[in-house]
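Q: Encoded as structure tokens, here's the structure I'll be asking about.
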Amino acid sequence: MAVTPVQYQAAGATQHAAAHDGSPQVRLVAGPGTGKSFSIGERVHWLLQTGIPASQIYAVSFTNAAATELAEGIAGYLTTNGGYATPPPINVSTLHSLALSALTRAGQLAQYSVNPHMLDKWSQSSLYDEELADVISCTRTRASEIRTHQESVWNTGAAPAPFISSPNVPVTPADLASFTAFHNGRSNLYACLLPGESIQRCLTLIQSGLLNPVTVLGIGSLIVDEFQDLNPCDQELIDQMAQACVSVFVAGDDDQSIYTFRYASPAGIQSFQNRYPLSTSHTLQVCFRCTGGILSAATNVITNHAAPGRLPKNLASAYFSSVPPESGVLHTWSFAGEASEARGIADSCNELISAGVIPEDILILLSQRGLGERIEQELHALGIQFVGLGTGAIADTNAGRFVVSLLRVIDNPDFLVGYRTILALLSRVGTRTCRNVSDACLNNNARYADIFLNAVPPWLTGSSLSAVNRVRNCLSQVNGWQLSDIFSARAAVVLQLVSSCLTAQELTEWQSVAAAIPPSCILSDVLAYLEAANNGERQDILAQIAAGSPTPTVAATTNPTPAAASGVRLMTLHSSKGLSARVVFIPGLEENNLPSSKDMLYPALLLQAARLLYVGMTRARAGLILSFARSRPQYVTRGPRQNRIPSRFLTSIGQQFVNRNSGLSVMEAIAISSAIGNL
């Protein structure tokens, strides 16, 4: 029976009280597995029931992936619990996209020839910083430092904290003036924006009385998910909308704020009621994900390494009162070295699978990617199917980015960054040639796309003309293509283009990538596969393609657990946020790993490292195995062997770490399997 109907009813009452709160500003503090997604879904349902049109309901989250999950969760809730056969279209996006929409509708982006595109990390480094460095005569590292400084000003109103950027030579006003001159020209030419720029532009216009995003977009009610991940300027934009009489409902958990490197701060959700004196606050305190023993250990870590202003909580596991009660299984292990630790984890996975645990219900979380190398070797040696860390996005490789840019331009000829990317990736074409092409466009007041799509202008000569003609040739060979085209019908041309435009090594890389893509899928599936953030997401997409559904879906539950990826899953702690598994391993819990050597230099990062461990521990439902190695190479996978010091966070776990030279025994694996059966 596990969790009883009475427990669900009691928790549901708290969730509904928050969702139905009519106060102008409402804060929902929702710890892991407490039903935040349910509450947000019910909030939207309640707003609709009170007569607010779907077109006036806006919901935002931190990243594109989180916004997609939020949209799917709301739609699923309205279908399952709201009685809607077809859910009404709620406006769901990132806050950056909302700001861009407001600027566009208000006519504040008229300086761009087309709708601007937000540059991602690859484009910032490989395109923007490279060209900035060439224009202002500095290294790419220095260009990155200057750009990062300006982005920090946009996101926080101040220079970056030392742990984000600490250049040997401080960024000067002259540097920023050079940046501004470069950015104004290139931003318009390529129709691109840097992160934080759209929010800052909105704020500047609002504070000048030149923009009212509420009126422009018709916002009646705003829901902000993952509020702890917002930066100060994001929060200021929410403030401005609240002052315009928009009802604001924010949800999040300061204990799960792990994106300091993106300027996020838990202070936003902590100080919410100080910022909004008329606001109300609700706290969900029943965890339906973690069993009691696991939740207690995680709570010990976070309370003993609490950030200033941490919101008080009394989180309790629903399984303490379930029928039958279940406290879960927590193991705390110490191994002689990384080899025995990796072998112990692999052997444990083998025993768990033998005891009836589904491989997809096992998650191995890593503070550093290098920790997974030896574990993957041991899993492979035992013949255990797993989804490894692999690489990041294929789109972050040159071959992958080249194909992605082609597909993006096919889908949207106004994607100007795509033309610039193809030009930059051509073999034997350097940054100076790309810059010369851009300078020529600026000097002749030409639209960037026109030199690739229309007649070649007479002022393009020499190496610039040669490079542009190579791009034009690429585009001519994909003319008329659609993203609905079957990959097998287009694969040979893509291969030929990669072969003629890129290096031999990049061709080999693309051949390896293409071999993993089902020939029967369509080009939009290929695009999703190439842009997937990690190997696990790619495996999910392949499984969805095989099932005939190209778009991965997220279940509208409080604990979405992707089941498409086949096998034991390995991922970083950061990547695990929002997921759960019945059994979780977290190895490598040593000083210099978690916390990292950089974390130990800055109090803010040290506290974030504790929150990161808390996030990892609270992914586990029935079994959690924490471990460290007493000896390991200096740089995790290389360097001289060093004695390791256990992570300082381990003293807070509340359970003694025991020396092991093997993994779970048969009986220990059966005990975890039994705990899973009681969920």
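Chains: A, B, ... in order of the structure tokens. Residues: from 1 per chain. Ligands: from 1, in order shown.
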Do a neighbour search on Gly337 in chain A at 8 Å with only C-alpha atoms, toss out local chain neighbours closer than 6 positions, and write the hits as an MDAnalysis selection string.

A: chainID A and resid 629:632

Q: Keeping C-alpha atoms, export the residues of the selection given above as a short mmCIF file (atom, residue, chain, number, x, y, z; two decimals), in the first residue's frame.

A:
```
data_model
loop_
_atom_site.label_atom_id
_atom_site.label_comp_id
_atom_site.auth_asym_id
_atom_site.auth_seq_id
_atom_site.Cartn_x
_atom_site.Cartn_y
_atom_site.Cartn_z
CA ALA A 629 38.56 6.75 -1.67
CA ARG A 630 41.48 7.12 0.73
CA SER A 631 43.89 7.33 -2.23
CA ARG A 632 43.44 8.67 -5.74
#
```

Q: Hey, what's within 10 Å of Ile353 in chain A if we count only C-alpha atoms and toss same-chain stuff fewer than 3 positions away? As a list in words, please?

A: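 The contact residues come out as Asp347, Ser348, Cys349, Asn350, Gly356, Val357, Ile358, Pro359, Glu360, Asp361, Ile362, Ile384, Val568, Ala669, Ile670 and Ser673 of chain A.
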
Q: Export C-alpha atoms of the chosen residues as a short mmCIF file (atom, residue, chain, number, x, y, z; two decimals), in the first residue's frame?

A:
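Ended up saving to part.cif:
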```cif
data_model
loop_
_atom_site.label_atom_id
_atom_site.label_comp_id
_atom_site.auth_asym_id
_atom_site.auth_seq_id
_atom_site.Cartn_x
_atom_site.Cartn_y
_atom_site.Cartn_z
CA ASP A 347 29.53 -5.11 -8.33
CA SER A 348 26.76 -3.42 -6.35
CA CYS A 349 24.85 -2.61 -9.53
CA ASN A 350 25.21 -6.24 -10.58
CA GLY A 356 15.27 -7.48 -9.23
CA VAL A 357 16.15 -3.79 -9.41
CA ILE A 358 15.63 -2.38 -12.90
CA PRO A 359 18.93 -0.94 -14.24
CA GLU A 360 17.19 2.33 -15.18
CA ASP A 361 16.34 2.76 -11.48
CA ILE A 362 20.03 3.07 -10.60
CA ILE A 384 26.07 -4.14 -17.33
CA VAL A 568 22.30 2.33 -15.27
CA ALA A 669 21.04 -5.81 -2.33
CA ILE A 670 17.91 -7.76 -1.36
CA SER A 673 15.08 -4.27 -3.35
#
```

Q: One decimal, Å: what's the distance from CA of Asn300 in chain A over to CA of Gly35 in chain A, could you say?

A: 21.6 Å

Q: To one decimal place in Å, what is the distance between CA of Leu407 in chain A and CA of Ser524 in chain A?

A: 8.2 Å

Q: Based on DSSP run over this structure's backbone, return all residues of range 234-296 of chain A in helix (DSSP H, G or I), as a ChimeraX atom specification.

A: /A:234-243,254-256,260-262,267-270,272-275,292-296

Q: Do you have the CA of Ala17 in chain A-CA of Val286 in chain A distance handy?

A: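 It comes out at 14.5 Å.
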
Q: Which residue gives the smallest distance to Leu589 in chain A among A:Phe227, A:Phe272, A:Phe320, A:Phe649, with only C-alpha atoms counted?

A: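 Between A:Phe227, A:Phe272, A:Phe320, A:Phe649, the residue approaching Leu589 in chain A most closely is A:Phe649.
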
Q: Using only C-alpha atoms, pick whichever of A:Asn436, A:Ile410, A:Ser296, A:Ser500 has the shortest atom-to-atom distance to Gly480 in chain A.

A: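 Ranked by minimum distance to Gly480 in chain A, first place goes to A:Ile410.
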
Q: So which one's closest to Gly344 in chain A, A:Ser144, A:Ser322, A:Ser665, A:Thr299? Using only C-alpha atoms, please.

A: A:Ser665

Q: Using DSSP on the backbone coordinates, identify all residues within range 294-447 of chain A classified as strand (DSSP E); present the result as a PyMOL selection string.

A: chain A and resi 316-317+329-335+362-366+386-387

Q: Find the residue from A:Thr431, A:Glu69, A:Cys202, A:Ala515 that sits nearest to Arg105 in chain A; use only C-alpha atoms when measuring.

A: A:Cys202
